[in-house]
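Student: Before I ask anything, here is the structure I am working with.
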Amino acid sequence: MITHIQGKLTEKNPTHVVIDCNGVGYMINISLHTYSQIADSEHLKLYTHLQVKEDSHTLYGFSSLAEREIFRLLISVSGVGASTARTMLSSLTPVQVREAIATSDVVLIQSIKGIGAKTAQRVILDLKDKILKIYEIDEVSVSKGNTNKNEALSALEVLGFVKKQAERVVDKIIATQPDANIETIIKQALKNL
């Protein structure tokens, strides 16, 4: 199993990169999240997952071990292949995917292109207990954070801000200050909107 590849970045696209490692160029499929994490540096290290099929060997690369772990959990679900898992990690950050599963947020998972209601429910059903156990997430704290986020978004919508734009800003605030109360979230969001 190839666990990581480190070398010279020779090609960078939103869907894949090519890393030259001692004269051998490895094409590695990546998510948009990983793409956004890769600086235009010459030297690059990606954590990888090698998928072996009858007709192909495909490498998937991740900027962090956490993203690779979420990817592996997602592909363990029946009906979720590597391309669907990569789409999920391109649409949401690994933390957002993890929290959506932990809080049983079917609507958020279903909002990802190519994921229907049944697949979203299966992902939650199969992975919720694993995610809560692996990441030692307390369901109460996750739902409290979600409530703060929802209340802050509602307040910003009432003030006339576009929901998608407000949600992006609020997500960034919560990512940097997970313990922020509703008032703090709204104040920070108003500075950034």
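Going by the structure tokens order, chains are called A, B, ..., each with residues numbered from 1, while ligands are numbered from 1 in the order shown.
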Which neighbours of A:Asn150 fall inside 12 Å, counting only C-alpha atoms, when residues of the same chain fewer than 2 positions from it are skipped, and could you give them as a ChimeraX atom specification?
Tutor: /A:143-148,152-157,163,166-167,170-171,174,181-182,185-186
Student: Could you build a table of the residues in stretch 84-170 of chain A lying no more than 8 Å from stretch 32-46 of chain A, giving for each the nearest pair of atoms and their separation in Å rounded to one decimal place, using only C-alpha atoms, ordered by chain and ascending residue number, as a tab-separated table?
Tutor:
```
residue	atom	partner	partner_atom	distance
A:Leu89	CA	A:His33	CA	6.4
A:Ser90	CA	A:Leu32	CA	4.4
A:Ser91	CA	A:Leu32	CA	7.5
A:Leu92	CA	A:His33	CA	7.7
A:Thr93	CA	A:His33	CA	6.3
```
Student: Generate a file of the selected residues that holds C-alpha atoms, formatted as a PDB file, in the first residue's frame.
Tutor:
```
ATOM      1  CA  LEU A  89     -14.859  16.187  -0.086  1.00  0.00           C
ATOM      2  CA  SER A  90     -14.849  18.693  -2.955  1.00  0.00           C
ATOM      3  CA  SER A  91     -18.217  20.134  -1.908  1.00  0.00           C
ATOM      4  CA  LEU A  92     -17.610  20.172   1.857  1.00  0.00           C
ATOM      5  CA  THR A  93     -14.533  20.278   4.061  1.00  0.00           C
TER       6      THR A  93
END
```
Student: Please, which residues of chain A, numbered as in this document, come out alpha helix (DSSP H) from DSSP, as a VMD selection string?
Tutor: chain A and resid 32 to 37 65 to 75 82 to 91 94 to 102 106 to 110 117 to 134 139 to 158 163 to 176 182 to 192
Student: Contacts of A:Phe62 at 8 Å or less, counting only C-alpha atoms, minus same-chain residues fewer than 6 places along, as a VMD selection string?
Tutor: chain A and resid 30 to 31 34 46 to 48 68
Student: Could you tell me, as a list in words, which residues of stretch 35-164 of chain A DSSP assigns to strand (DSSP E) when given the backbone?
Tutor: His43, Leu44, Lys45, Leu46, Tyr47, Thr48, His49, Leu50, Gln51, Val52, His57, Thr58, Leu59, Tyr60, Gly61 and Phe62 of chain A
Student: With a distance cut-off of 9 Å and only C-alpha atoms, select the neighbouring residues of A:Ser104, excluding the residue or stretch itself and same-chain residues fewer than 6 positions from it, and output the selection as an MDAnalysis selection string.
Tutor: chainID A and resid 121 124:125 128
Student: Could you please take those selected residues and save N, CA and C atoms as a tab-separated table (two decimals), in the first residue's frame?
Tutor:
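So the final result, stored in part.tsv, reads:
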```tsv
chain	number	residue	atom	x	y	z
A	121	GLN	N	-28.89	8.97	3.70
A	121	GLN	CA	-29.33	8.26	4.91
A	121	GLN	C	-28.43	7.06	5.20
A	124	ILE	N	-25.15	8.23	6.77
A	124	ILE	CA	-25.34	8.57	8.18
A	124	ILE	C	-25.53	7.31	9.03
A	125	LEU	N	-26.36	6.40	8.55
A	125	LEU	CA	-26.65	5.17	9.28
A	125	LEU	C	-25.37	4.34	9.49
A	128	LYS	N	-22.33	7.14	11.42
A	128	LYS	CA	-22.53	8.02	12.58
A	128	LYS	C	-21.83	7.48	13.84
```
Student: Give me, as a list in words, all polymer residues having an atom no more than 12 Å from A:Gln51, counting only C-alpha atoms and skipping those fewer than 3 positions away in the same chain.
Tutor: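 Counting only the stated atoms, we get Met1, Ile2, Thr3, Ile28, Asn29, Thr48, Glu54, Asp55, Ser56, His57, Thr58, Leu59, Tyr60, Gly61, Phe71, Arg72, Ile75, Gly81, Ala82 and Ser83 of chain A.
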Student: Which residue gives the smallest distance to A:Pro178 among A:Lys8, A:Asp105, A:Lys149, A:Val80, with only C-alpha atoms counted?
Tutor: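 Checking each candidate against A:Pro178, we get A:Lys149 as the closest.
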Student: Tell me which of A:Ile115, A:Ile101, A:Val52, A:Val158 sits closest to A:Ala85, counting only C-alpha atoms.
Tutor: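 The closest residue to A:Ala85 is A:Ile115.
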Student: Would you mind listing what lies within 12 Å of A:Lys130 as a list in words, with only C-alpha atoms counted and same-chain residues fewer than 4 positions away left out?
Tutor: Glu69, Ile70, Arg72, Leu73, Leu74, Ser76, Val77, Arg98, Ile101, Ala102, Val123, Ile124, Leu125, Asp126, Ile134, Tyr135, Glu136 and Ile137 of chain A
Student: Next, write the just-selected residues to a file, as an mmCIF file, in the first residue's frame, keeping N, CA and C atoms as the atom set.
Tutor:
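Final output, saved to part.cif:
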```
data_model
loop_
_atom_site.group_PDB
_atom_site.id
_atom_site.type_symbol
_atom_site.label_atom_id
_atom_site.label_comp_id
_atom_site.auth_asym_id
_atom_site.auth_seq_id
_atom_site.Cartn_x
_atom_site.Cartn_y
_atom_site.Cartn_z
ATOM 1 N N GLU A 69 -8.776 9.862 6.117
ATOM 2 C CA GLU A 69 -9.577 9.012 7.005
ATOM 3 C C GLU A 69 -11.071 9.131 6.678
ATOM 4 N N ILE A 70 -11.543 10.347 6.452
ATOM 5 C CA ILE A 70 -12.960 10.560 6.084
ATOM 6 C C ILE A 70 -13.243 9.882 4.744
ATOM 7 N N ARG A 72 -11.770 7.282 3.431
ATOM 8 C CA ARG A 72 -11.811 5.825 3.633
ATOM 9 C C ARG A 72 -13.100 5.391 4.317
ATOM 10 N N LEU A 73 -13.581 6.192 5.253
ATOM 11 C CA LEU A 73 -14.857 5.876 5.891
ATOM 12 C C LEU A 73 -15.989 5.944 4.872
ATOM 13 N N LEU A 74 -15.968 6.981 4.031
ATOM 14 C CA LEU A 74 -17.036 7.149 3.035
ATOM 15 C C LEU A 74 -17.079 5.998 2.043
ATOM 16 N N SER A 76 -16.262 3.047 2.505
ATOM 17 C CA SER A 76 -16.663 1.794 3.160
ATOM 18 C C SER A 76 -18.179 1.612 3.130
ATOM 19 N N VAL A 77 -18.905 2.685 2.810
ATOM 20 C CA VAL A 77 -20.368 2.628 2.750
ATOM 21 C C VAL A 77 -20.796 2.028 1.411
ATOM 22 N N ARG A 98 -17.770 15.404 8.456
ATOM 23 C CA ARG A 98 -17.785 14.718 9.751
ATOM 24 C C ARG A 98 -18.941 15.204 10.625
ATOM 25 N N ILE A 101 -22.447 14.149 9.352
ATOM 26 C CA ILE A 101 -22.756 12.757 9.701
ATOM 27 C C ILE A 101 -23.062 12.649 11.200
ATOM 28 N N ALA A 102 -22.253 13.312 12.016
ATOM 29 C CA ALA A 102 -22.444 13.243 13.473
ATOM 30 C C ALA A 102 -23.787 13.820 13.909
ATOM 31 N N VAL A 123 -25.231 6.747 4.392
ATOM 32 C CA VAL A 123 -23.950 7.273 4.891
ATOM 33 C C VAL A 123 -24.067 7.564 6.383
ATOM 34 N N ILE A 124 -25.151 8.229 6.767
ATOM 35 C CA ILE A 124 -25.344 8.574 8.185
ATOM 36 C C ILE A 124 -25.531 7.312 9.028
ATOM 37 N N LEU A 125 -26.364 6.401 8.548
ATOM 38 C CA LEU A 125 -26.645 5.165 9.284
ATOM 39 C C LEU A 125 -25.373 4.342 9.491
ATOM 40 N N ASP A 126 -24.567 4.205 8.433
ATOM 41 C CA ASP A 126 -23.354 3.382 8.515
ATOM 42 C C ASP A 126 -22.213 4.045 9.287
ATOM 43 N N ILE A 134 -14.636 7.434 16.787
ATOM 44 C CA ILE A 134 -13.275 7.750 16.336
ATOM 45 C C ILE A 134 -12.850 9.145 16.771
ATOM 46 N N TYR A 135 -13.737 10.108 16.565
ATOM 47 C CA TYR A 135 -13.373 11.504 16.853
ATOM 48 C C TYR A 135 -13.800 11.931 18.250
ATOM 49 N N GLU A 136 -14.336 10.977 19.020
ATOM 50 C CA GLU A 136 -14.781 11.244 20.382
ATOM 51 C C GLU A 136 -15.639 12.497 20.453
ATOM 52 N N ILE A 137 -16.608 12.551 19.539
ATOM 53 C CA ILE A 137 -17.504 13.706 19.477
ATOM 54 C C ILE A 137 -18.658 13.465 20.431
#
```
Student: Please report the interatomic distance between atom CA of A:Leu50 and atom CA of A:Thr10 in Å with one decimal.
Tutor: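 According to the coordinates, atom CA of A:Leu50 and atom CA of A:Thr10 are separated by 20.2 Å.
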